[in-house]
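Undergrad: Next comes the structure file structure32.cif, holding mmCIF, C-alpha atoms.
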```cif
data_upload
#
loop_
_atom_site.label_atom_id
_atom_site.label_comp_id
_atom_site.auth_asym_id
_atom_site.auth_seq_id
_atom_site.Cartn_x
_atom_site.Cartn_y
_atom_site.Cartn_z
CA MET R 1 120.58 15.99 178.55
CA PRO R 2 117.15 14.54 179.29
CA ASN R 3 116.27 12.00 176.61
CA CYS R 4 112.74 13.27 176.18
CA GLU R 5 110.09 13.45 173.54
CA ILE R 6 109.22 16.98 172.54
CA SER R 7 106.39 18.38 170.44
CA LYS R 8 106.88 19.27 166.79
CA ALA R 9 106.25 22.93 167.72
CA ALA R 10 108.99 22.85 170.38
CA LEU R 11 111.35 21.13 167.94
CA GLY R 12 110.62 23.94 165.49
CA ARG R 13 111.79 26.56 167.98
CA ILE R 14 115.23 24.98 168.60
CA PRO R 15 116.93 26.49 165.51
CA ALA R 16 115.73 29.96 166.58
CA TYR R 17 117.14 29.44 170.10
CA LEU R 18 120.45 28.27 168.67
CA ARG R 19 120.70 31.10 166.14
CA TYR R 20 120.09 33.66 168.88
CA LEU R 21 122.42 32.08 171.46
CA ARG R 22 125.23 31.70 168.92
CA SER R 23 124.85 35.35 167.91
CA LEU R 24 125.52 36.58 171.46
CA PRO R 25 128.90 38.20 172.22
CA PRO R 26 131.18 35.88 174.26
CA ASN R 27 130.93 38.05 177.38
CA ILE R 28 127.25 37.06 177.78
CA ARG R 29 128.03 33.95 179.83
CA ASN R 30 124.61 33.52 181.38
CA ILE R 31 121.15 34.10 180.01
CA SER R 32 117.64 33.78 181.38
CA ALA R 33 114.59 32.24 179.74
CA THR R 34 112.95 35.65 180.18
CA ALA R 35 115.61 37.38 178.10
CA ILE R 36 115.43 34.74 175.37
CA ALA R 37 111.63 34.94 175.24
CA ARG R 38 111.73 38.72 174.97
CA GLU R 39 114.34 38.70 172.20
CA LEU R 40 112.59 36.03 170.10
CA GLY R 41 109.03 37.17 170.71
CA PHE R 42 108.04 33.80 172.20
CA GLY R 43 105.93 33.35 175.33
CA GLU R 44 108.03 33.16 178.49
CA VAL R 45 106.21 30.08 179.79
CA GLN R 46 106.83 28.32 176.49
CA VAL R 47 110.56 29.10 176.53
CA ARG R 48 110.90 27.94 180.15
CA LYS R 49 109.12 24.70 179.29
CA ASP R 50 111.20 24.07 176.15
CA LEU R 51 114.51 24.74 177.87
CA SER R 52 113.74 22.80 181.03
CA SER R 53 112.71 19.73 179.05
CA LEU R 54 115.78 19.90 176.81
CA CYS R 55 118.46 21.33 179.08
CA GLY R 56 117.24 20.96 182.66
CA SER R 57 116.48 23.91 184.93
CA GLY R 58 118.33 27.19 184.87
CA LYS R 59 119.73 28.63 188.07
CA PRO R 60 117.64 31.16 189.98
CA LYS R 61 118.72 34.74 189.13
CA THR R 62 121.57 33.83 186.73
CA GLY R 63 119.56 31.53 184.42
CA TYR R 64 121.46 29.24 182.06
CA GLN R 65 125.13 29.14 181.11
CA THR R 66 125.08 30.17 177.46
CA THR R 67 127.62 27.57 176.30
CA VAL R 68 125.85 24.75 178.12
CA LEU R 69 122.55 25.75 176.54
CA ILE R 70 124.09 25.80 173.05
CA ASP R 71 125.65 22.37 173.62
CA SER R 72 122.44 20.82 174.97
CA LEU R 73 120.24 22.15 172.18
CA GLY R 74 122.77 21.26 169.50
CA SER R 75 123.27 17.73 170.79
CA PHE R 76 119.50 17.22 171.05
CA LEU R 77 119.24 17.88 167.30
CA ASP R 78 122.27 15.68 166.62
CA ARG R 79 121.42 12.82 168.98
CA LYS R 80 120.09 10.77 166.09
CA ASN R 81 121.90 10.44 162.80
CA GLY R 82 120.06 12.54 160.23
CA THR R 83 121.60 11.43 156.95
CA ALA R 84 119.01 11.11 154.20
CA VAL R 85 118.82 10.11 150.55
CA ILE R 86 116.14 10.87 147.99
CA VAL R 87 114.66 8.38 145.53
CA GLY R 88 113.46 10.22 142.44
CA ALA R 89 115.30 13.18 140.99
CA GLY R 90 112.44 14.96 139.27
CA LYS R 91 111.74 18.61 140.09
CA LEU R 92 110.60 17.90 143.63
CA GLY R 93 113.51 15.55 144.38
CA ARG R 94 115.99 18.09 143.06
CA ALA R 95 114.33 20.93 144.99
CA LEU R 96 114.67 18.91 148.21
CA LEU R 97 118.25 17.88 147.37
CA ASP R 98 119.40 21.51 147.35
CA TYR R 99 117.01 22.89 150.00
CA GLU R 100 119.08 24.79 152.54
CA GLY R 101 116.94 24.63 155.66
CA PHE R 102 117.73 21.02 156.61
CA SER R 103 121.09 21.74 158.22
CA ASP R 104 119.33 23.89 160.86
CA TYR R 105 118.01 20.61 162.26
CA GLY R 106 121.17 18.52 161.96
CA LEU R 107 119.90 16.91 158.77
CA LYS R 108 121.97 16.16 155.70
CA ILE R 109 120.62 15.15 152.30
CA ALA R 110 123.55 13.13 151.03
CA ALA R 111 122.42 12.12 147.53
CA ALA R 112 119.52 11.39 145.21
CA PHE R 113 118.96 8.29 143.06
CA ASP R 114 116.96 8.01 139.87
CA ILE R 115 116.31 5.26 137.33
CA ALA R 116 116.61 7.81 134.52
CA VAL R 117 120.20 8.64 135.48
CA SER R 118 122.94 6.46 134.02
CA GLU R 119 125.98 8.58 134.78
CA THR R 120 126.39 10.44 138.06
CA GLU R 121 125.11 14.02 137.84
CA TYR R 122 125.58 16.89 140.26
CA SER R 123 122.96 19.40 141.39
CA PRO R 124 123.70 23.15 141.20
CA LYS R 125 124.79 22.96 144.86
CA GLY R 126 127.09 20.02 144.10
CA ASN R 127 125.01 17.18 145.54
CA PRO R 128 125.29 13.88 143.63
CA ILE R 129 122.47 12.20 141.70
CA PHE R 130 123.32 8.54 141.14
CA GLU R 131 121.87 5.72 139.12
CA ILE R 132 119.59 3.61 141.28
CA GLY R 133 122.03 0.67 141.45
CA MET R 134 124.38 2.79 143.53
CA MET R 135 121.94 2.94 146.43
CA SER R 136 123.17 -0.15 148.29
CA PRO R 137 126.87 0.72 148.42
CA PHE R 138 126.14 4.40 149.07
CA CYS R 139 123.77 3.76 151.99
CA ALA R 140 126.17 1.29 153.58
CA GLU R 141 129.19 3.58 153.27
CA ASN R 142 127.41 6.74 154.41
CA ASP R 143 125.37 5.37 157.28
CA VAL R 144 122.12 6.63 155.74
CA ASN R 145 119.02 6.16 157.90
CA ILE R 146 116.33 8.31 156.26
CA GLY R 147 114.82 7.88 152.80
CA ILE R 148 112.72 10.40 150.91
CA ILE R 149 110.35 9.09 148.25
CA ALA R 150 109.84 11.59 145.42
CA VAL R 151 108.82 9.21 142.64
CA PRO R 152 105.36 8.83 141.04
CA VAL R 153 102.75 6.68 142.82
CA GLY R 154 103.43 3.67 140.60
CA ALA R 155 107.07 3.46 141.69
CA ALA R 156 106.62 4.38 145.36
CA GLN R 157 106.26 0.91 146.90
CA GLU R 158 109.34 -0.36 145.07
CA ALA R 159 111.30 2.67 146.28
CA CYS R 160 110.07 2.04 149.83
CA ASP R 161 111.08 -1.64 149.77
CA CYS R 162 114.45 -0.81 148.28
CA LEU R 163 115.13 1.79 151.00
CA ALA R 164 114.11 -0.66 153.74
CA LYS R 165 116.38 -3.36 152.28
CA ASN R 166 119.24 -0.90 152.53
CA GLY R 167 118.75 -0.37 156.24
CA ILE R 168 116.68 2.82 156.12
CA ARG R 169 114.51 3.14 159.24
CA ALA R 170 112.49 6.26 158.41
CA ILE R 171 110.73 7.14 155.18
CA TRP R 172 109.25 10.46 154.14
CA CYS R 173 106.83 9.84 151.29
CA PHE R 174 105.72 12.56 148.86
CA ALA R 175 103.88 10.18 146.53
CA PRO R 176 100.11 10.45 147.15
CA CYS R 177 99.55 6.81 148.11
CA ARG R 178 99.58 4.41 151.08
CA LEU R 179 102.63 2.17 151.31
CA THR R 180 102.83 -1.33 152.72
CA LYS R 181 105.08 -0.65 155.68
CA PRO R 182 108.23 -2.75 155.95
CA ASP R 183 108.93 -4.05 159.48
CA GLY R 184 110.59 -1.58 161.82
CA VAL R 185 110.25 1.37 159.45
CA VAL R 186 108.51 4.65 160.35
CA ILE R 187 106.67 6.26 157.42
CA GLN R 188 105.59 9.89 157.31
CA TYR R 189 103.40 11.00 154.43
CA GLU R 190 103.55 14.47 152.96
CA ASN R 191 100.36 15.17 151.07
CA MET R 192 100.90 18.53 149.40
CA ALA R 193 97.45 18.64 147.82
CA LEU R 194 95.75 17.92 151.15
CA SER R 195 97.74 20.67 152.86
CA LEU R 196 96.64 23.18 150.25
CA ALA R 197 93.04 21.93 150.34
CA HIS R 198 93.03 22.33 154.12
CA LEU R 199 94.21 25.92 153.74
CA LYS R 200 91.49 26.62 151.16
CA MET R 201 88.83 25.38 153.61
CA GLN R 202 90.01 28.02 156.11
CA ILE R 203 89.30 30.96 153.82
CA LYS R 204 86.54 33.04 155.41
CA MET Z 1 74.85 19.89 151.90
CA PRO Z 2 75.69 20.70 155.53
CA ASN Z 3 78.12 23.64 155.63
CA CYS Z 4 80.38 22.04 158.22
CA GLU Z 5 83.99 22.08 159.27
CA ILE Z 6 85.73 18.76 158.82
CA SER Z 7 89.08 17.49 160.02
CA LYS Z 8 92.12 17.43 157.76
CA ALA Z 9 92.07 13.62 157.96
CA ALA Z 10 88.44 13.47 156.80
CA LEU Z 11 89.19 15.96 154.02
CA GLY Z 12 92.03 13.65 152.95
CA ARG Z 13 89.60 10.74 152.51
CA ILE Z 14 87.22 12.58 150.15
CA PRO Z 15 89.26 11.97 146.96
CA ALA Z 16 89.33 8.24 147.76
CA TYR Z 17 85.54 8.18 148.24
CA LEU Z 18 85.04 10.04 144.98
CA ARG Z 19 87.44 7.85 143.00
CA TYR Z 20 85.70 4.72 144.24
CA LEU Z 21 82.13 6.00 143.74
CA ARG Z 22 82.93 7.27 140.24
CA SER Z 23 84.43 3.89 139.33
CA LEU Z 24 81.18 2.05 140.09
CA PRO Z 25 79.08 0.76 137.18
CA PRO Z 26 75.93 2.87 136.61
CA ASN Z 27 73.62 0.09 137.79
CA ILE Z 28 74.91 0.50 141.37
CA ARG Z 29 72.37 3.17 142.26
CA ASN Z 30 72.63 2.83 146.03
CA ILE Z 31 75.56 2.10 148.28
CA SER Z 32 76.03 1.70 152.01
CA ALA Z 33 78.75 3.15 154.23
CA THR Z 34 79.59 -0.47 155.14
CA ALA Z 35 80.32 -1.38 151.52
CA ILE Z 36 82.44 1.73 150.98
CA ALA Z 37 84.42 1.09 154.18
CA ARG Z 38 85.06 -2.52 153.17
CA GLU Z 39 86.19 -1.59 149.68
CA LEU Z 40 88.54 1.21 150.79
CA GLY Z 41 89.87 -0.47 153.93
CA PHE Z 42 88.65 2.37 156.15
CA GLY Z 43 86.89 1.92 159.48
CA GLU Z 44 83.12 1.70 159.14
CA VAL Z 45 82.48 4.19 161.95
CA GLN Z 46 84.84 6.64 160.30
CA VAL Z 47 83.09 6.34 156.92
CA ARG Z 48 79.65 6.77 158.52
CA LYS Z 49 80.86 9.87 160.33
CA ASP Z 50 82.50 11.39 157.24
CA LEU Z 51 79.49 10.79 155.02
CA SER Z 52 76.88 11.91 157.52
CA SER Z 53 78.71 15.18 158.18
CA LEU Z 54 79.21 15.85 154.47
CA CYS Z 55 76.11 14.33 152.88
CA GLY Z 56 73.54 13.80 155.64
CA SER Z 57 72.29 10.38 156.68
CA GLY Z 58 71.87 7.43 154.38
CA LYS Z 59 68.57 5.55 154.32
CA PRO Z 60 68.22 2.44 156.46
CA LYS Z 61 68.87 -0.70 154.39
CA THR Z 62 69.48 1.05 151.01
CA GLY Z 63 72.19 3.48 152.19
CA TYR Z 64 73.04 6.44 149.96
CA GLN Z 65 72.08 7.20 146.38
CA THR Z 66 75.39 6.95 144.55
CA THR Z 67 74.87 10.03 142.35
CA VAL Z 68 73.80 12.17 145.31
CA LEU Z 69 76.88 11.11 147.25
CA ILE Z 70 79.16 11.97 144.33
CA ASP Z 71 77.50 15.38 143.94
CA SER Z 72 77.70 16.18 147.68
CA LEU Z 73 81.35 15.20 148.05
CA GLY Z 74 82.34 16.96 144.82
CA SER Z 75 80.53 20.16 145.71
CA PHE Z 76 82.07 20.13 149.20
CA LEU Z 77 85.53 20.23 147.60
CA ASP Z 78 84.40 22.90 145.13
CA ARG Z 79 82.41 25.06 147.56
CA LYS Z 80 85.28 27.49 147.84
CA ASN Z 81 87.22 28.72 144.83
CA GLY Z 82 90.61 27.00 144.81
CA THR Z 83 92.54 28.96 142.20
CA ALA Z 84 96.15 29.52 143.27
CA VAL Z 85 99.26 31.23 141.98
CA ILE Z 86 102.88 30.68 142.96
CA VAL Z 87 105.41 33.42 143.65
CA GLY Z 88 108.90 32.15 142.90
CA ALA Z 89 109.64 29.81 140.02
CA GLY Z 90 112.74 28.08 141.34
CA LYS Z 91 112.83 24.28 141.57
CA LEU Z 92 110.21 24.08 144.30
CA GLY Z 93 107.87 26.57 142.61
CA ARG Z 94 108.13 24.70 139.33
CA ALA Z 95 107.62 21.33 141.04
CA LEU Z 96 104.42 22.65 142.65
CA LEU Z 97 103.27 24.27 139.39
CA ASP Z 98 103.18 20.90 137.62
CA TYR Z 99 102.22 18.71 140.60
CA GLU Z 100 99.25 16.60 139.55
CA GLY Z 101 97.57 15.82 142.87
CA PHE Z 102 95.93 19.22 143.37
CA SER Z 103 92.98 18.63 141.04
CA ASP Z 104 91.81 15.77 143.33
CA TYR Z 105 90.82 18.49 145.80
CA GLY Z 106 89.30 20.98 143.37
CA LEU Z 107 92.49 23.05 143.37
CA LYS Z 108 94.05 24.67 140.33
CA ILE Z 109 97.51 26.20 140.16
CA ALA Z 110 96.92 28.79 137.47
CA ALA Z 111 100.39 30.34 137.07
CA ALA Z 112 103.72 31.19 138.66
CA PHE Z 113 105.45 34.56 138.83
CA ASP Z 114 109.15 35.27 139.16
CA ILE Z 115 111.33 38.38 139.15
CA ALA Z 116 113.94 36.52 137.08
CA VAL Z 117 111.47 35.96 134.23
CA SER Z 118 111.13 38.72 131.65
CA GLU Z 119 109.24 36.91 128.93
CA THR Z 120 106.44 34.46 129.67
CA GLU Z 121 107.69 30.87 129.91
CA TYR Z 122 105.73 27.64 130.00
CA SER Z 123 106.35 24.63 132.26
CA PRO Z 124 106.61 21.12 130.76
CA LYS Z 125 102.89 20.69 131.51
CA GLY Z 126 102.07 23.99 129.80
CA ASN Z 127 101.49 26.18 132.87
CA PRO Z 128 102.58 29.82 132.44
CA ILE Z 129 105.41 31.50 134.36
CA PHE Z 130 105.03 35.27 134.12
CA GLU Z 131 107.13 38.25 135.04
CA ILE Z 132 106.10 39.55 138.45
CA GLY Z 133 104.42 42.66 137.03
CA MET Z 134 101.73 40.47 135.49
CA MET Z 135 100.43 39.41 138.89
CA SER Z 136 97.84 42.19 139.33
CA PRO Z 137 96.04 41.78 136.01
CA PHE Z 138 96.29 37.97 136.17
CA CYS Z 139 94.82 37.69 139.68
CA ALA Z 140 91.98 40.06 138.83
CA GLU Z 141 91.07 38.28 135.61
CA ASN Z 142 91.35 34.75 137.00
CA ASP Z 143 89.68 35.23 140.38
CA VAL Z 144 92.74 33.93 142.22
CA ASN Z 145 92.32 33.56 145.99
CA ILE Z 146 95.31 31.46 147.12
CA GLY Z 147 98.99 32.42 146.93
CA ILE Z 148 101.96 30.09 147.35
CA ILE Z 149 105.25 31.63 148.46
CA ALA Z 150 108.24 29.74 147.10
CA VAL Z 151 110.85 32.49 147.22
CA PRO Z 152 113.86 32.78 149.56
CA VAL Z 153 113.32 34.16 153.07
CA GLY Z 154 114.55 37.63 152.11
CA ALA Z 155 111.81 38.06 149.51
CA ALA Z 156 108.96 36.33 151.35
CA GLN Z 157 107.37 39.34 153.09
CA GLU Z 158 107.32 41.33 149.88
CA ALA Z 159 105.69 38.39 148.10
CA CYS Z 160 103.14 38.11 150.91
CA ASP Z 161 102.24 41.83 150.78
CA CYS Z 162 102.01 41.74 147.01
CA LEU Z 163 99.64 38.73 147.11
CA ALA Z 164 97.47 40.42 149.75
CA LYS Z 165 97.29 43.62 147.69
CA ASN Z 166 95.99 41.53 144.82
CA GLY Z 167 93.09 40.20 146.84
CA ILE Z 168 94.59 36.85 147.89
CA ARG Z 169 92.97 35.64 151.13
CA ALA Z 170 95.06 32.53 151.85
CA ILE Z 171 98.83 32.13 151.72
CA TRP Z 172 100.86 28.92 151.82
CA CYS Z 173 104.42 29.83 152.74
CA PHE Z 174 107.39 27.56 152.03
CA ALA Z 175 110.01 30.13 153.06
CA PRO Z 176 111.33 29.27 156.55
CA CYS Z 177 110.31 32.54 158.24
CA ARG Z 178 107.45 34.25 160.07
CA LEU Z 179 105.49 36.75 157.99
CA THR Z 180 103.73 39.86 159.21
CA LYS Z 181 100.17 38.87 158.47
CA PRO Z 182 98.14 41.24 156.30
CA ASP Z 183 94.57 41.85 157.58
CA GLY Z 184 92.07 39.17 156.70
CA VAL Z 185 94.65 36.76 155.29
CA VAL Z 186 95.12 33.16 156.51
CA ILE Z 187 98.74 31.99 156.43
CA GLN Z 188 99.81 28.34 156.55
CA TYR Z 189 103.51 27.60 156.90
CA GLU Z 190 105.14 24.56 155.36
CA ASN Z 191 108.41 23.90 157.10
CA MET Z 192 110.02 21.04 155.18
CA ALA Z 193 113.06 20.84 157.43
CA LEU Z 194 110.93 20.65 160.56
CA SER Z 195 108.82 17.86 159.04
CA LEU Z 196 111.93 15.83 158.28
CA ALA Z 197 113.44 16.58 161.71
CA HIS Z 198 110.22 15.41 163.34
CA LEU Z 199 110.44 12.15 161.38
CA LYS Z 200 114.05 11.67 162.44
CA MET Z 201 113.08 12.02 166.10
CA GLN Z 202 110.67 9.09 165.67
CA ILE Z 203 113.39 6.63 164.62
CA LYS Z 204 113.61 3.95 167.29
#
```
Mind turning this structure into C-alpha cells?
TA:
Amino acid sequence: MPNCEISKAALGRIPAYLRYLRSLPPNIRNISATAIARELGFGEVQVRKDLSSLCGSGKPKTGYQTTVLIDSLGSFLDRKNGTAVIVGAGKLGRALLDYEGFSDYGLKIAAAFDIAVSETEYSPKGNPIFEIGMMSPFCAENDVNIGIIAVPVGAAQEACDCLAKNGIRAIWCFAPCRLTKPDGVVIQYENMALSLAHLKMQIK
Amino acid sequence: MPNCEISKAALGRIPAYLRYLRSLPPNIRNISATAIARELGFGEVQVRKDLSSLCGSGKPKTGYQTTVLIDSLGSFLDRKNGTAVIVGAGKLGRALLDYEGFSDYGLKIAAAFDIAVSETEYSPKGNPIFEIGMMSPFCAENDVNIGIIAVPVGAAQEACDCLAKNGIRAIWCFAPCRLTKPDGVVIQYENMALSLAHLKMQIK
C-alpha cells in the first residue's frame, strides 16, 4: 500500500467505498473504478485517483480484485492507531463518547474522564467515564494516542498538558480558545460557533 | 460597511477584535491596526487586511475610531439574521442548544424539536425543546432561518424537508449522510468522524 497523504475529501470517501465493496456478493471477484463510481454517484476521475493513490493501479479490463481493494482501503484507515479518550464528560463529551460514526474510520473512543466524576460511570452505550486520576494508567494500558478536549475554556490548557504528559500525540479541541502547544503534539481546533457563522454568511 | 465576502479564518478573528476593542477604556478613541495586532498576537498585515475589508481604511497616523470599528465589526456579524433551531434533542442536540459560543457571532439557537418530546421541556440553560409539530408556528413567529439536523441518518432527510418547508434557508447537518437538497437551501455537513480521522492521519 502506498504510504501517501490524501485529502480530507478523499479520506471521507473511503467508508463509502468499503461499505459498497463489502456489500458485494462473493462471486464479484473483480471490479472497475467505473462500476464503483456509477454505483456511488461519484465522478469516475475522482474514484480512479482515490483508488490509484491508495491501492495502486487496477488491471486494464478487469479492474481491481475486490478482496485486495477491501484490504488496502481497510489497512489505510487502520495504519495508525486511532484510540482516543475524551476529557470532559458534559453533554458534548458524552455525545462524542457514544457517537457511532467513528468506527467507520478505524477510530475508537475508549473512555472519558471528568473531574466531577468520583466513581466510574458508564454511558448508555456502555463506555466508561472515569475520575480524572485514572487517565495515566488508562492511557498507558490502552495505548491511547488521541485526546479530545471537551471542557470549558478555563480548563482546556490543563487538559491539553495532562494529555500530552500521558503520551497523547494528537489533540482535538472543542474549547473555543488557543492552546499552548506541547512539543510534538498536533492540535486540531473545532470551532462550532465559527462553522455555524460561516454557514450563515452563505445565506443568499 | 463594505458588503464583502470574507474567509472563514477572518470571520473567526472578528470576535477577538470585538472583545479587545470593547475592553478598552473609553478614553482610547482611536486605535491602529498595529496596536490591535500587537495586543492579540496576530500578524499586522492580516489585521490590516481584515479591518480594511470590513471597515474601510484607517486614517494615517490616528488609525481607526474605536467606536466606528466596534459598530462596523458588530454589524457585519449581525447583517444576516442568525436565528437557528435544532431538530433532534439527543445528547448532541442538547449540547448544541446550550453551547455558549454562538452569541460571539451574532447567532441564537432559539429552540430544539424532537419527536420523542410530547410536552415542552427546558434545557438547563432554559432553552425550550418542543414537540416536532410546533416547528411551523415557532419558525414563522421567530423568523428562524437556520436549521441544525442532529437526528440519526434515517430521519435526516425528513428533518431537512421539514426545515425547508418552514422557510429555513441554511442547514447544518450532523447526520453522516448526503441529503437531497431542497431548492434555494445551503447545506453544510459536519462530519465529526471524518474530522477526527483527518487528525489521526496527521500524527507523525
Undergrad: Evaluate the PyMOL selection byres ((chain Z) within 9 of (chain R)) on the structure here and hand back the selected residues as a PyMOL selection string.
TA: chain Z and resi 5-9+11-12+77+79-82+90-96+99-107+145-146+169-172+176+184-188+190-204
Undergrad: May I have the residues within 8 Å of Tyr64 (chain R) as a VMD selection string, using all atoms listed in the file and disregarding those fewer than 4 positions away in the same chain?
TA: chain R and resid 30 to 33 57 to 59 68 to 69
Undergrad: Would you compute the distance between CA of Cys139 (chain R) and CA of Gly88 (chain R)? Give it in Å to one decimal.
TA: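 Going from CA of Cys139 (chain R) over to CA of Gly88 (chain R) covers 15.5 Å.
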Undergrad: Mind pulling up the distance from CA of Asp161 (chain Z) to CA of Glu131 (chain Z)?
TA: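 Computing the Euclidean distance for CA of Glu131 (chain Z) and CA of Asp161 (chain Z) yields 16.9 Å.
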Undergrad: Go through the shown structure with the PyMOL selection byres ((chain R and resi 115) around 6) and write out the matching residues as a PyMOL selection string.
TA: chain R and resi 114+116-117+131-132
Undergrad: Just the number, please: distance in Å from CA of Gly167 (chain Z) to CA of Val85 (chain Z), one decimal.
TA: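 CA of Val85 (chain Z) lies at a distance of 11.9 Å from CA of Gly167 (chain Z).
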Undergrad: Might you spell out which residues the PyMOL selection byres ((chain Z and resi 16-24) around 8) would select in the displayed file, as a ChimeraX atom specification?
TA: /Z:12-15,25-26,28,36,40,66,70,73-74
